[in-house]
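So the structure is just underneath, and the comments pick up after that.
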Amino acid sequence: MEWFPYASGFVLFSLVCYGVFFVVKQKTSVVIERFGKYHSVRTAGLNLKIPILDTKAGLLNLRTCELPVSIETKTSDDVFVFVEVSIQYYIINNKEQIRKAFYELDDPDQQIKSYVYDNVRSEVPKLILDDVFSKKEEIAKGIKRDLQETIGEFGFHILNALVTDINPDPKVKDSMNEINAAKRLKEAAKEKAEADKIMAVKKAEAESESKKLQGEGIANQRTAIARGIKDSIQEVKTALGDEVSGTTVMSMLYMTQHYDTVAKLGEKGANTIFMNPNPSSVVDIQQQILSGIVASKTQEN
């Protein structure tokens, strides 16, 4: 039994050490109370307290926490929606702020939810459903601002507030999809009509340009013919002498063209063409053409 005093002393020493020394993990803090009253905050590492006098009142997590909040509310156009909000926050790593976070709020998560409910239910009813979707970032900024002003007094810092989802009634969602589909079809029809219009305009421009070029070609052709006739008349007059009139030369040219045409038509054995064989018919045609030209010039003058 000689070892009994040693064993008892060792046990007593262990109990004293267990009551005096304790370890606080990284990113956590321990609140110490003495006789039930706040005494101090112990941070990460090896710490000590006075047994019996000091007690560990609570452990606080200093890491960033995420709190999901789902709020049902109604828009200004009477559509019920579920707004999903995610709040990211942490306790400020400062002994005074840690004390406030531990003693000032009984249930921080519930308090944060209450503020989020109040903010969303005061802002969303001012907006129509489409604006709720388009302005969700503004809603999130408003939530963060209001939370920081209120919860920040109790040792909490709001890192971020995110509107993660907006869920209207399924029937409303289906109807929105149908409206969007109809809008896309309308835009597609408008684009197609615009494309058809452009094609029609381009086609008309091409036809106009083609007619213009065709007219220029005919005009050039006629100019070349006129020049050829002029040159032919000049050559005949030079060959026969100045006593031959231009009218006589023209008659000769018309006669030549007449017989050339008859000869070419005769090359087509399958065709039957009735023509006046009298050479005077060429003179009659010539007189008709000249009369038409004179009448046209008279009208222009």
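We name chains A, B, ... following the order of the structure tokens; residues begin at 1 in each chain, and ligands are numbered from 1 as shown.
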Using only C-alpha atoms, find each residue in region 80-111 of chain A having at least one atom no more than 10 Å away from region 26-31 of chain A; report its shortest atom-to-atom pair and that distance in Å (one decimal), rows by chain then rising number, as a Markdown table.
```
| residue | atom | partner | partner_atom | distance |
| --- | --- | --- | --- | --- |
| A:Ile91 | CA | A:Thr28 | CA | 9.9 |
| A:Asn93 | CA | A:Lys27 | CA | 8.7 |
| A:Asn94 | CA | A:Ser29 | CA | 9.9 |
| A:Lys95 | CA | A:Ser29 | CA | 8.9 |
| A:Ile98 | CA | A:Ser29 | CA | 8.0 |
| A:Arg99 | CA | A:Val31 | CA | 7.5 |
| A:Phe102 | CA | A:Val31 | CA | 8.0 |
| A:Tyr103 | CA | A:Val31 | CA | 9.9 |
```
Output the selection as a CSV table (one decimal), in the first residue's frame - N, CA and C atoms for each residue.
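File written: result.csv
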```
chain,number,residue,atom,x,y,z
A,91,ILE,N,-18.9,36.0,-36.7
A,91,ILE,CA,-18.7,36.8,-35.5
A,91,ILE,C,-17.3,37.5,-35.6
A,93,ASN,N,-13.9,38.9,-34.8
A,93,ASN,CA,-12.9,38.3,-33.9
A,93,ASN,C,-12.3,39.4,-33.0
A,94,ASN,N,-13.1,39.8,-32.0
A,94,ASN,CA,-12.7,40.9,-31.1
A,94,ASN,C,-13.4,40.6,-29.8
A,95,LYS,N,-12.7,40.6,-28.7
A,95,LYS,CA,-13.2,40.2,-27.4
A,95,LYS,C,-14.5,40.9,-27.1
A,98,ILE,N,-17.2,39.6,-29.4
A,98,ILE,CA,-17.5,38.2,-29.1
A,98,ILE,C,-18.5,38.2,-27.8
A,99,ARG,N,-18.2,39.1,-26.9
A,99,ARG,CA,-19.0,39.2,-25.7
A,99,ARG,C,-20.5,39.6,-26.1
A,102,PHE,N,-22.4,36.8,-27.8
A,102,PHE,CA,-22.8,35.7,-26.9
A,102,PHE,C,-23.9,36.1,-26.0
A,103,TYR,N,-23.9,37.4,-25.5
A,103,TYR,CA,-24.9,37.8,-24.5
A,103,TYR,C,-26.1,38.6,-25.0
```
Requested in this report: Would you mind listing what lies within 10 Å of Lys126 (chain A) as a list in words, with only C-alpha atoms counted and same-chain residues fewer than 3 positions away left out?
Outcome: Lys74, Thr75, Ser76, Asp77, Arg121, Ser122, Glu123, Leu129, Asp131 and Val132 of chain A
Let me see the file: selected residues, N, CA and C atoms, as a short mmCIF file (atom, residue, chain, number, x, y, z; two decimals), in the first residue's frame.
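Writing done, so here's selection_2.cif:
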```cif
data_model
loop_
_atom_site.label_atom_id
_atom_site.label_comp_id
_atom_site.auth_asym_id
_atom_site.auth_seq_id
_atom_site.Cartn_x
_atom_site.Cartn_y
_atom_site.Cartn_z
N LYS A 74 -45.82 38.27 -51.82
CA LYS A 74 -46.65 38.54 -52.99
C LYS A 74 -46.15 39.79 -53.69
N THR A 75 -46.12 39.75 -55.01
CA THR A 75 -45.68 40.89 -55.80
C THR A 75 -46.83 41.88 -55.98
N SER A 76 -46.52 43.03 -56.58
CA SER A 76 -47.55 44.05 -56.77
C SER A 76 -48.61 43.64 -57.79
N ASP A 77 -48.27 42.66 -58.67
CA ASP A 77 -49.27 42.16 -59.61
C ASP A 77 -49.92 40.87 -59.11
N ARG A 121 -40.33 41.18 -47.39
CA ARG A 121 -41.78 41.39 -47.45
C ARG A 121 -42.16 42.87 -47.52
N SER A 122 -41.20 43.74 -47.32
CA SER A 122 -41.47 45.17 -47.49
C SER A 122 -41.04 45.67 -48.87
N GLU A 123 -40.11 44.96 -49.53
CA GLU A 123 -39.60 45.41 -50.82
C GLU A 123 -40.27 44.71 -52.01
N LEU A 129 -43.74 40.97 -60.94
CA LEU A 129 -42.94 39.74 -60.97
C LEU A 129 -41.70 39.88 -61.84
N ASP A 131 -39.97 42.48 -62.53
CA ASP A 131 -38.97 43.34 -61.87
C ASP A 131 -38.29 42.62 -60.72
N VAL A 132 -39.00 41.70 -60.07
CA VAL A 132 -38.38 40.93 -58.99
C VAL A 132 -37.20 40.14 -59.54
#
```
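The space between CA of Lys56 (chain A) and CA of Arg34 (chain A) spans 9.0 Å.
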Query raised in the report: What is the CA of Gln110 (chain A) to CA of Val124 (chain A) distance in Å?
Result: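 Separation between CA of Gln110 (chain A) and CA of Val124 (chain A): 20.9 Å.
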**Report entry** Top pick for closest residue to Gly152 (chain A), considering A:Ile112, A:Ile32, A:Ala188, A:Leu46 and counting only C-alpha atoms
**Finding:**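 Under the stated criterion, the closest residue is A:Ile112.
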Query raised in the report: In Å, with one decimal, what is the gap from CA of Phe22 (chain A) to CA of Glu66 (chain A)?
Result: 28.8 Å
Query raised in the report: Out of region 20-229 of chain A, which residues get strand (DSSP E) from DSSP, as a PyMOL selection string?
Result: chain A and resi 21-24+28-34+37-42+45-48+54-61+65-74+80-91+156-168
Query raised in the report: Which residue out of A:Asn167, A:Gly58, A:Ile87, A:Ser232 has the minimum interatomic distance to Asp130 (chain A) when only C-alpha atoms are used?
Result: A:Asn167
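When only C-alpha atoms are used to compute distances to Tyr89 (chain A), the closest of the residues A:Glu104, A:Asp54, A:Glu33, A:Asp109 turns out to be A:Asp109.
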Query - DSSP-assigned alpha helix (DSSP H) among region 70-252 of chain A, expressed as a PyMOL selection string - result: chain A and resi 95-103+108-123+129-134+136-151+170-240+246-252
Could you turn the residues from that selection into a file that holds C-alpha atoms, as a compact mmCIF listing (two decimals), in the first residue's frame?
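The result, stored in again.txt:
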```
# COMPACT_ATOMS: atom_id res chain seq x y z
CA LYS A 95 -13.25 40.18 -27.41
CA GLU A 96 -15.83 42.91 -26.98
CA GLN A 97 -17.69 41.86 -30.14
CA ILE A 98 -17.54 38.21 -29.06
CA ARG A 99 -19.04 39.19 -25.70
CA LYS A 100 -21.89 41.04 -27.45
CA ALA A 101 -22.54 38.14 -29.82
CA PHE A 102 -22.76 35.74 -26.88
CA TYR A 103 -24.88 37.80 -24.48
CA PRO A 108 -28.80 34.86 -33.70
CA ASP A 109 -29.99 32.72 -36.63
CA GLN A 110 -33.64 33.35 -35.83
CA GLN A 111 -32.98 37.06 -35.38
CA ILE A 112 -31.28 37.24 -38.79
CA LYS A 113 -34.19 35.38 -40.38
CA SER A 114 -36.65 37.83 -38.85
CA TYR A 115 -34.80 40.80 -40.33
CA VAL A 116 -34.63 39.10 -43.74
CA TYR A 117 -38.37 38.34 -43.63
CA ASP A 118 -39.14 41.94 -42.82
CA ASN A 119 -36.89 43.33 -45.56
CA VAL A 120 -38.10 41.04 -48.36
CA ARG A 121 -41.78 41.39 -47.45
CA SER A 122 -41.47 45.17 -47.49
CA GLU A 123 -39.60 45.41 -50.82
CA LEU A 129 -42.94 39.74 -60.97
CA ASP A 130 -40.68 40.61 -63.91
CA ASP A 131 -38.97 43.34 -61.87
CA VAL A 132 -38.38 40.93 -58.99
CA PHE A 133 -36.28 38.80 -61.36
CA SER A 134 -34.46 41.74 -62.94
CA LYS A 136 -32.80 40.63 -57.42
CA GLU A 137 -29.27 42.04 -57.00
CA GLU A 138 -30.74 45.30 -55.71
CA ILE A 139 -32.95 43.33 -53.31
CA ALA A 140 -29.88 41.42 -52.07
CA LYS A 141 -27.92 44.65 -51.53
CA GLY A 142 -30.83 46.09 -49.53
CA ILE A 143 -30.96 42.99 -47.32
CA LYS A 144 -27.22 43.15 -46.65
CA ARG A 145 -27.33 46.88 -45.86
CA ASP A 146 -30.24 46.58 -43.41
CA LEU A 147 -28.79 43.50 -41.72
CA GLN A 148 -25.41 45.13 -41.23
CA GLU A 149 -27.04 48.17 -39.64
CA THR A 150 -28.95 46.02 -37.13
CA ILE A 151 -26.99 42.80 -36.54
CA PRO A 170 -45.85 26.55 -61.18
CA LYS A 171 -48.85 27.73 -63.24
CA VAL A 172 -47.43 31.25 -63.33
CA LYS A 173 -44.03 29.88 -64.33
CA ASP A 174 -45.59 27.88 -67.20
CA SER A 175 -47.48 30.95 -68.39
CA MET A 176 -44.26 33.03 -68.29
CA ASN A 177 -42.52 30.39 -70.40
CA GLU A 178 -45.36 30.52 -72.93
CA ILE A 179 -45.17 34.33 -73.06
CA ASN A 180 -41.41 34.20 -73.61
CA ALA A 181 -41.84 31.58 -76.33
CA ALA A 182 -44.46 33.75 -78.05
CA LYS A 183 -42.14 36.77 -77.86
CA ARG A 184 -39.31 34.77 -79.42
CA LEU A 185 -41.60 33.58 -82.23
CA LYS A 186 -42.71 37.18 -82.79
CA GLU A 187 -39.11 38.37 -82.96
CA ALA A 188 -38.25 35.53 -85.34
CA ALA A 189 -41.19 36.45 -87.60
CA LYS A 190 -40.12 40.10 -87.53
CA GLU A 191 -36.55 39.18 -88.45
CA LYS A 192 -37.78 36.92 -91.27
CA ALA A 193 -40.03 39.68 -92.62
CA GLU A 194 -37.12 42.11 -92.48
CA ALA A 195 -34.92 39.62 -94.33
CA ASP A 196 -37.62 39.09 -96.99
CA LYS A 197 -37.94 42.85 -97.36
CA ILE A 198 -34.19 43.24 -97.83
CA MET A 199 -34.18 40.43 -100.41
CA ALA A 200 -37.11 42.02 -102.29
CA VAL A 201 -35.38 45.43 -102.30
CA LYS A 202 -32.12 43.91 -103.48
CA LYS A 203 -33.94 41.96 -106.18
CA ALA A 204 -35.72 45.13 -107.36
CA GLU A 205 -32.42 47.02 -107.35
CA ALA A 206 -30.81 44.22 -109.34
CA GLU A 207 -33.66 44.22 -111.86
CA SER A 208 -33.47 48.00 -112.14
CA GLU A 209 -29.73 47.84 -112.71
CA SER A 210 -30.24 45.04 -115.24
CA LYS A 211 -32.85 47.09 -117.14
CA LYS A 212 -30.55 50.08 -117.03
CA LEU A 213 -27.64 48.10 -118.42
CA GLN A 214 -29.91 46.48 -120.98
CA GLY A 215 -31.15 49.90 -122.10
CA GLU A 216 -27.61 51.19 -122.30
CA GLY A 217 -26.70 48.16 -124.40
CA ILE A 218 -29.59 48.73 -126.80
CA ALA A 219 -28.75 52.43 -127.01
CA ASN A 220 -25.12 51.64 -127.73
CA GLN A 221 -26.19 49.08 -130.30
CA ARG A 222 -28.44 51.60 -132.04
CA THR A 223 -25.70 54.23 -131.91
CA ALA A 224 -23.29 51.79 -133.53
CA ILE A 225 -25.88 50.98 -136.23
CA ALA A 226 -26.45 54.68 -136.88
CA ARG A 227 -22.73 55.28 -137.13
CA GLY A 228 -22.40 52.34 -139.51
CA ILE A 229 -25.20 53.66 -141.71
CA LYS A 230 -23.62 57.12 -141.67
CA ASP A 231 -20.26 55.71 -142.67
CA SER A 232 -21.88 53.61 -145.40
CA ILE A 233 -23.70 56.65 -146.81
CA GLN A 234 -20.49 58.63 -146.79
CA GLU A 235 -18.60 55.87 -148.62
CA VAL A 236 -21.34 55.51 -151.28
CA LYS A 237 -21.48 59.26 -151.85
CA THR A 238 -17.70 59.36 -152.13
CA ALA A 239 -17.75 56.52 -154.65
CA LEU A 240 -20.61 57.88 -156.80
CA GLY A 246 -28.50 61.18 -149.38
CA THR A 247 -32.05 59.96 -150.01
CA THR A 248 -30.92 57.92 -152.98
CA VAL A 249 -28.11 56.40 -150.95
CA MET A 250 -30.51 55.53 -148.14
CA SER A 251 -32.82 53.81 -150.62
CA MET A 252 -29.92 51.75 -151.89
```
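Between Gln88 (chain A) and the candidates A:Thr64, A:Gly155, A:Val24, A:Asp107, the tightest atom-to-atom separation, counting only C-alpha atoms, involves A:Thr64.
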Report task. Counting only C-alpha atoms, figure out which residue out of A:Val163, A:Ile92, A:Leu48, A:Val85 gets nearest to Leu60 (chain A). Result ->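 For Leu60 (chain A), the nearest of the candidates is A:Ile92.
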